[in-house]
Every structure is written in C-alpha cells, then in structure tokens.
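The next block is input-v6.txt, given as compact mmCIF, C-alpha atoms.
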```txt
# COMPACT_ATOMS: atom_id res chain seq x y z
CA MET A 1 0.00 0.00 0.00
CA TRP A 2 2.78 2.47 0.87
CA LYS A 3 4.37 1.88 -2.57
CA ILE A 4 1.13 3.12 -4.11
CA ILE A 5 1.02 6.17 -1.80
CA ILE A 6 4.59 7.15 -2.70
CA PHE A 7 3.84 6.49 -6.38
CA ALA A 8 0.75 8.73 -6.17
CA ILE A 9 2.76 11.56 -4.58
CA CYS A 10 5.37 11.26 -7.33
CA MET A 11 2.74 11.13 -10.07
CA LEU A 12 1.26 14.41 -8.86
CA ASN A 13 4.57 16.13 -9.57
CA VAL A 14 5.20 17.35 -13.08
CA ILE A 15 8.35 19.06 -14.36
CA ALA A 16 9.85 22.42 -15.28
CA GLY A 17 13.50 23.23 -15.63
CA ASN A 18 16.30 24.03 -18.00
CA SER A 19 16.19 25.17 -21.60
CA ASN A 20 15.01 21.92 -23.18
CA ILE A 21 12.27 19.77 -21.70
CA GLU A 22 13.46 16.75 -23.69
CA ASP A 23 16.55 16.68 -21.43
CA LEU A 24 14.29 15.84 -18.50
CA MET A 25 12.49 12.95 -20.13
CA GLY A 26 13.46 9.41 -19.14
CA GLU A 27 13.88 7.57 -15.84
CA TRP A 28 14.34 9.53 -12.61
CA THR A 29 14.17 8.59 -8.92
CA PRO A 30 12.58 10.94 -6.38
CA VAL A 31 15.25 11.37 -3.68
CA ALA A 32 14.02 14.24 -1.46
CA LEU A 33 10.71 15.91 -0.60
CA TYR A 34 9.89 19.45 0.64
CA PRO A 35 8.22 19.92 3.08
CA PRO A 36 8.80 16.52 4.68
CA ILE A 37 5.19 15.42 5.02
CA ILE A 38 4.54 11.96 6.40
CA PHE A 39 6.27 9.55 4.05
CA MET A 40 8.11 6.26 4.02
CA PRO A 41 11.52 6.28 2.33
CA TYR A 42 11.32 4.11 -0.76
CA CYS A 43 13.40 4.06 -3.94
CA LEU A 44 11.03 4.19 -6.89
CA LYS A 45 11.99 4.99 -10.47
CA MET A 46 9.63 7.17 -12.48
CA LYS A 47 9.61 7.65 -16.24
CA PHE A 48 8.62 10.99 -17.80
CA VAL A 49 7.54 11.14 -21.46
CA ILE A 50 6.12 13.99 -23.53
CA ASN A 51 2.63 12.91 -24.60
CA SER A 52 3.04 12.46 -28.35
CA SER A 53 -0.70 12.53 -29.15
CA ASN A 54 -1.21 16.02 -27.71
CA PRO A 55 2.01 17.50 -26.34
CA GLN A 56 0.98 21.20 -26.17
CA CYS A 57 -1.26 22.74 -23.53
CA GLU A 58 -2.99 26.10 -23.44
CA CYS A 59 -2.50 27.74 -20.05
CA SER A 60 -3.97 30.93 -18.60
CA ASP A 61 -0.56 32.67 -18.59
CA GLY A 62 0.23 31.75 -22.21
CA LYS A 63 3.57 30.04 -21.39
CA LYS A 64 4.60 27.05 -23.53
CA THR A 65 3.57 24.01 -21.51
CA ASN A 66 3.76 20.33 -22.44
CA LEU A 67 1.49 17.47 -21.43
CA ILE A 68 3.71 14.93 -19.67
CA GLU A 69 2.98 11.26 -19.10
CA THR A 70 4.41 9.85 -15.88
CA ARG A 71 4.80 6.11 -15.33
CA GLY A 72 6.17 3.98 -12.57
CA THR A 73 8.76 1.32 -13.35
CA GLY A 74 9.51 -2.05 -11.75
CA ASP A 75 6.75 -3.06 -9.31
CA LEU A 76 4.51 -0.23 -10.52
CA GLU A 77 5.04 -0.66 -14.26
CA LYS A 78 1.48 -1.94 -14.71
CA ALA A 79 -0.08 0.99 -12.84
CA PRO A 80 -1.95 3.39 -15.12
CA PRO A 81 0.07 6.43 -16.19
CA ALA A 82 -0.68 9.91 -14.89
CA PHE A 83 -0.86 12.94 -17.16
CA GLY A 84 -0.31 16.57 -16.30
CA PRO A 85 0.88 19.90 -17.68
CA MET A 86 4.56 20.70 -17.13
CA LEU A 87 6.52 23.88 -17.64
CA PHE A 88 10.28 23.94 -17.95
CA ILE A 89 11.76 26.86 -15.96
CA GLU A 90 15.29 28.20 -15.66
CA ASP A 91 15.01 30.43 -12.59
CA GLU A 92 13.47 29.63 -9.21
CA ASN A 93 12.07 33.19 -9.17
CA GLU A 94 9.56 31.99 -11.80
CA VAL A 95 7.99 29.44 -9.42
CA ALA A 96 5.44 31.58 -7.55
CA ALA A 97 3.95 33.16 -10.67
CA SER A 98 3.96 29.97 -12.74
CA LEU A 99 2.35 27.43 -10.37
CA ASN A 100 -1.25 28.55 -9.83
CA VAL A 101 -2.29 28.35 -13.47
CA ASN A 102 -5.17 26.60 -15.19
CA CYS A 103 -4.33 24.63 -18.33
CA THR A 104 -6.22 22.75 -21.03
CA CYS A 105 -4.41 19.87 -22.70
CA GLY A 106 -6.21 17.86 -25.38
CA GLY A 107 -9.61 18.91 -24.06
CA GLU A 108 -8.74 17.97 -20.45
CA LYS A 109 -8.77 20.78 -17.91
CA TYR A 110 -6.12 20.94 -15.17
CA GLN A 111 -6.29 23.22 -12.13
CA TYR A 112 -2.50 23.09 -11.70
CA ARG A 113 0.78 22.94 -13.53
CA THR A 114 3.99 21.32 -12.32
CA LEU A 115 7.26 23.12 -12.85
CA ALA A 116 10.60 21.45 -13.59
CA LYS A 117 14.03 22.96 -13.14
CA SER A 118 17.17 21.18 -14.24
CA ILE A 119 19.99 21.59 -11.71
CA ASN A 120 22.70 19.55 -13.47
CA ASP A 121 23.04 16.29 -15.42
CA ASN A 122 21.97 14.24 -12.39
CA TYR A 123 19.39 16.38 -10.55
CA MET A 124 16.17 18.22 -11.27
CA VAL A 125 13.56 19.80 -8.99
CA LEU A 126 9.82 19.54 -9.56
CA TYR A 127 7.66 22.23 -7.95
CA LYS A 128 3.96 21.82 -7.19
CA THR A 129 1.12 23.48 -5.31
CA GLN A 130 0.66 20.60 -2.84
CA ASN A 131 1.73 20.55 0.81
CA ILE A 132 1.87 24.34 1.09
CA THR A 133 2.39 25.85 4.55
CA LYS A 134 3.33 29.32 5.83
CA GLU A 135 6.97 28.24 5.82
CA ASP A 136 6.75 26.38 2.50
CA PRO A 137 5.08 28.38 -0.29
CA ASN A 138 5.18 25.35 -2.60
CA GLY A 139 5.96 21.67 -2.56
CA ALA A 140 9.16 20.49 -4.20
CA MET A 141 10.73 17.15 -4.96
CA ILE A 142 14.32 16.51 -6.00
CA TYR A 143 14.77 13.80 -8.63
CA ALA A 144 18.05 12.09 -9.57
CA LYS A 145 19.11 10.09 -12.62
CA ARG A 146 21.75 8.29 -10.55
CA ILE A 147 20.78 7.60 -6.93
CA PRO A 148 23.27 9.38 -4.64
CA ALA A 149 24.75 8.22 -1.34
CA TYR A 150 23.16 9.70 1.80
CA SER A 151 26.08 12.05 2.50
CA GLU A 152 26.19 13.25 -1.14
CA LEU A 153 22.45 13.96 -1.12
CA MET A 154 22.62 15.81 2.21
CA GLU A 155 25.45 17.98 0.88
CA PHE A 156 23.54 18.64 -2.35
CA MET A 157 20.38 19.61 -0.42
CA LYS A 158 22.37 21.91 1.87
CA ASN A 159 23.97 23.69 -1.11
CA LEU A 160 20.90 23.93 -3.36
CA LYS A 161 20.25 27.67 -3.12
CA GLU A 162 16.49 27.69 -3.66
CA LEU A 163 15.78 24.98 -1.06
CA SER A 164 18.69 25.35 1.40
CA ASP A 165 16.62 27.27 3.97
CA ARG A 166 13.78 24.72 3.91
CA GLN A 167 13.38 21.40 5.73
CA GLY A 168 13.46 18.42 3.39
CA GLY A 169 13.01 14.68 3.85
CA ILE A 170 15.10 12.04 2.12
CA LEU A 171 13.13 9.49 0.11
CA CYS A 172 15.94 7.51 -1.49
CA CYS A 173 19.73 7.15 -1.40
CA THR A 174 22.09 4.25 -2.17
CA GLU A 175 21.97 3.05 1.43
CA TYR A 176 18.14 2.97 1.44
CA GLU A 177 18.11 1.27 -1.96
CA ALA A 178 20.51 -1.48 -0.77
CA ALA A 179 18.40 -2.11 2.35
CA GLN A 180 15.22 -2.15 0.25
CA LYS A 181 16.69 -4.72 -2.17
CA SER A 182 17.93 -6.86 0.71
CA PHE A 183 14.55 -6.79 2.41
CA SER A 184 12.58 -7.51 -0.79
CA HIS A 185 14.42 -10.82 -1.26
CA GLN A 186 13.46 -12.13 2.19
CA LYS A 187 10.72 -14.69 2.56
CA PRO A 188 7.53 -13.37 4.12
CA ILE A 189 6.94 -14.25 7.76
CA GLU A 190 4.55 -17.17 7.98
CA LYS A 191 1.45 -16.94 10.12
CA ARG A 192 1.49 -18.82 13.37
CA GLU A 193 -1.58 -20.75 14.28
```

Full structure transcribed into structure tokens:
Amino acid sequence: MWKIIIFAICMLNVIAGNSNIEDLMGEWTPVALYPPIIFMPYCLKMKFVINSSNPQCECSDGKKTNLIETRGTGDLEKAPPAFGPMLFIEDENEVAASLNVNCTCGGEKYQYRTLAKSINDNYMVLYKTQNITKEDPNGAMIYAKRIPAYSELMEFMKNLKELSDRQGGILCCTEYEAAQKSFSHQKPIEKRE
C-alpha cells in the first residue's frame, strides 16, 4: 500500500526546468521531498515522457507548456500512467507566478501545472502546489538520474540555493536502496496458528 502512496505523490509532480524539456524525459528517482510530510523512504523509479498525441497545452498565462505522461517502473510498471501539464523553468524566481495556473491539454482541464528545473546532469527539482504551509510556499521534490549516497544527497540539499533554507526529507539514497533490495528478497513471515 505504501508503494502506491509514494507512487501517487510522485505522479502528482510534473516538471519544469532548464532550456530543453526533452533533457528531463526518461527515468528519474525521487530522492528528497519538501516539506517533509509523512512519508516512508522508498526508492522508486519514475519515467517521464512527452505525450506524443497532444504535447501542447494552453495555459492561462500563455507560457509554452507540455502534457507529460508519468509512469512507474519495476513493481509499478502496470499501474496506469498519470498525465499533467509541465513547464520547464530556468530560474526559481519563476515558481510563484507559474504554479497557480489553469491549463487545457487535449480537451482535459487541469487546475494546476507542475514546474521542472534542471539543476545539473543528475538532478532536477519539480515544484507543485501541494503541501503548502506558511513556511513552505510550494511543494518540491528533487529527482536524480543516478541515486546518490546519503552524504552526497545531504550535501547537495544543503547547497541547493532555492531549497537550502527549507526542511526536506530524504526518500531515497544508495543506502536505502541497498536495504530495500535486501529486504525484498526475504521470505515473508509465515502466520502462526
């Protein structure tokens, strides 16, 4: 059940980022979450694809937005994909004005838009309107192409300018992934009668 909850949280994120949205397509693993709502660390790969049947969306602010298909991989490969509008941004100062936007993509209406910002070849941040508090004006999730070690991820989070003053929770790192793989190969505990 918790795999599905984490998958649902990830599916509700859509991307915005660098100068080319195609650079952000492919498999990514959510590794950190802002703010750290109740969650269970779990390493789950997600795949982002531009929807080829209707890739362009019309949004109330007129910014070029793509319809993105998000799929789980591995255990969640058979789960239905999620679709949502995504805007690629280059500057974190664009976040506040670009989130609360209505979009229409292929006749479907969306009351939100996810933003994606590329940080480097391994990391991107997805911004969303969920989990907003006084201290956290938006929700954010860091995704990685290559899962980092705990210490590397902590250092990255500490030095990421736009999120360094916010509290984040780690979802996945190499140490968590190794423990998860080890645990998944164990036999289930049999019921005692």

(request) Between atom CA of Cys172 of chain A and atom CA of Glu152 of chain A, measure the distance and give it in Å to one decimal. (result) 11.8 Å

(request) Give me, please, the distance in Å between atom CA of Gln167 of chain A and atom CA of Met25 of chain A, quoted to one decimal. (result) 27.2 Å

Pick out the residues sitting within 12 Å of Gly62 of chain A, and hand them over as a compact mmCIF listing (two decimals) with C-alpha atoms, in the frame of the given file; count only C-alpha atoms, and ignore anything fewer than 3 positions along from it in its own chain.
```txt
# COMPACT_ATOMS: atom_id res chain seq x y z
CA GLN A 56 0.98 21.20 -26.17
CA CYS A 57 -1.26 22.74 -23.53
CA GLU A 58 -2.99 26.10 -23.44
CA CYS A 59 -2.50 27.74 -20.05
CA THR A 65 3.57 24.01 -21.51
CA ASN A 66 3.76 20.33 -22.44
CA LEU A 87 6.52 23.88 -17.64
CA SER A 98 3.96 29.97 -12.74
CA VAL A 101 -2.29 28.35 -13.47
CA ASN A 102 -5.17 26.60 -15.19
CA CYS A 103 -4.33 24.63 -18.33
CA THR A 104 -6.22 22.75 -21.03
```

(request) Please provide as a PyMOL selection string all residues within 9 Å of segment 160-163 of chain A, with the sequence filter that same-chain residues fewer than 6 positions apart are discarded (counting all atoms listed in the file). (result) chain A and resi 34+92-93+119+140

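A straight line drawn from atom CA of Ile89 of chain A to atom CA of Lys117 of chain A is 5.3 Å long.
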
(message) Set the distance at 10 Å and use all atoms listed in the file: which residues neighbour Arg146 of chain A once local chain neighbours fewer than 6 positions away are removed? I'd like the list as JSON, numbers by chain.
(response) {"A": [27, 28, 29, 31, 121, 122, 123, 173, 174]}

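Of the listed residues (A:Glu69, A:Glu177, A:Glu90, A:Glu135), A:Glu90 comes nearest to Ser118 of chain A; the distances count all atoms listed in the file.
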
(request) May I ask which of the residues A:Asp91, A:Lys109, A:Ser60, A:Met86 is the closest one to Leu126 of chain A, counting all atoms listed in the file? (result) A:Met86

(message) Residues within 12 Å of Asp136 of chain A, please, as a ChimeraX atom specification. Count all atoms listed in the file; anything in the same chain fewer than 5 positions from it doesn't count.
(response) /A:33-37,96,127-131,162-163,165-168

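Shortest separation to Lys145 of chain A among A:Tyr176, A:Tyr42, A:Phe48, A:Tyr110 occurs at residue A:Phe48, atoms counted being all atoms listed in the file.
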
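You can rank A:Val125, A:Asp61, A:Asn51, A:Ala149 by their closest distance to Asn100 of chain A using all atoms listed in the file, and at the top of that list sits A:Asp61.
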
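Each of A:Lys134, A:Lys47, A:Lys158, A:Arg113 was checked against Leu67 of chain A using all atoms listed in the file; the smallest atom-to-atom distance is that of A:Arg113.
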
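Checking A:Lys63, A:Tyr143, A:Glu155, A:Gly169 one by one against Pro85 of chain A, counting all atoms listed in the file, you find the shortest gap at A:Lys63.
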